[in-house]
Amino acid sequence: MPVIAVVGGQWGDEGKGKIIDLLAGRAHVVVRAQGGDNAGHTVVNARGKFALHLVPAGVFNADCDCVIGPGVALNPEVLLREMDALHERGVSTDKLTISARTHLVMPYHLTLDRADEAWRGEGAIGTTKRGIGPAYLDKVGRSGLMAGDLRDPGRFRRKVAEAVERKNVLLERVYDAPTVDANEIADEYLRLAERLLPHIAESGPLLERALRDGRTILLEGAHGTLLDLDHGTYPYVTTSSCTVGGLLNGAGIGPRHLTTALGVFKAYTSRVGAGPMPTELDDEIGQRIRDRGQEYGTTTGRSRRCGWFDAVAARHSVLVNGFHALAITRLDILDQFDELKVCLAYELDGRRIDYFPSDADELARAQPVYEALPGWFSPTGDAHDWNDLPGAARDYVRLLEEALGVPAGLIGVGQEREKTLFTGALP
Ligand code: IMP
């Protein structure tokens, strides 16, 4: 009864969508466990190219149950739009379950996300402005609304009215922003609920049955460990727990059931939004990586900051998650470089360190200490197995494995599902 967690090891956008899509073909249940539509997965399969934000990638496997778990922040309007787009292309969402415990992103969360970013000025986080932070803030503040609340319109209206009363004080007096109308919001959400209610259920029994029947459950991570609220580059983080532990909790499955934790890492590094990134390349090489990798956000279209692989940050991620194996994605993007670099330590205020500092200012001052390797200058996209890769590409992967102390189970050499090499190291 495998339970497999697929987690981003860097700052998100590691190519988890493709890996999840690949593994979802063999899964019985796929669970989105945290984050919201601030996440974006690009999936390229036989049906075409899809950008998913909330629907679990198991949706392309007709036999697979897809669950939006309790740890997710769900914008119902975005979900319905995504479901409609899938239906238009012949993909069914009949097997989608939304946990009754899932918290809802409300319209005032989007307003507050924008207002808070503006308030921060120079210190803005660079959020996706999808209202995710304010939605989790209400969850922690015990004033959030859950998907299950939509089942009782009277109670839902009362809860919205209570929440709006407080939000309007905040909007008006703190942020000098327009106030919102509780009735309008409740009407709108209850209208959306007509289509969502058939999907809203207790997710526990479904998962319990799946575990009991020895079915394969895939936990689909969103964002990446370095954006994790506890372990990332605080305050430049997202507001959910993006680690293996966070996924188990967000799905509602105890750690004893986990069989495989797969850490997805790009063969280089990228980041969107503000915050320190020691290996960022603000030069022609960074631009070449961005162009070759088409590094523009799935969710916001923002251009991503690019740089060399940071093994110090990645080791932190390995520790926090306890990965059994790595999936190294987008190796093909590095096909045409004379020389490649991997950061193996930092120099901080004249001292060499090999840990990932918790202080964002320290991390911003950390200078990467690189090991340089020769490039391979030949296409890796045609490789069918490990031995087809050029020697220099294998050396590159070996260095990452050594630096992280974890074997690479999968290597991505192109966007399509088939362009994935299995090394045999996947448990
Ligand atoms: P929020 O999650 O919208 O609050 O944004 C907080 C930070 O996380 C910002 O720097 C975003 O750019 C970043 N972020 C959120 N989701 C993703 C993702 O899926 N990929 C990469 N960065 C993300």
# chains A, B, ... in the order shown; residues from 1 in each chain; ligands from 1
>>> residues_near_ligand(ligand="ligand 1", cutoff="7 Å", atoms="only C-alpha atoms and all ligand atoms", output="VMD selection string")
chain A and resid 11 to 13 38 to 40 125 to 133 222 to 223 227 236 to 239 271 to 274
>>> select_by_dssp(residues="stretch 247-380 of chain A", states="strand (DSSP E or B)", output="number ranges by chain")
A: 260-266, 269-271, 280, 296, 303, 305-307, 309-310, 325-329, 339-348, 351-353, 367-374
>>> closest_residue(among="A:Pro357, A:Pro427, A:Gly48, A:Gly263", to="A:Lys16", atoms="only C-alpha atoms")
A:Gly263
>>> closest_residue(among="A:Gly123, A:Gly69, A:Pro76, A:Gly214", to="A:Ala201", atoms="only C-alpha atoms")
A:Gly69
>>> residues_around(residues="A:Leu389", least_positions_apart="5", cutoff="10 Å", atoms="only C-alpha atoms", output="list of chain:residue names")
A:Trp376, A:Ser378, A:Pro379, A:Thr380, A:Gly381, A:Asp382, A:Ala383, A:His384, A:Arg394, A:Asp395, A:Val413, A:Leu421
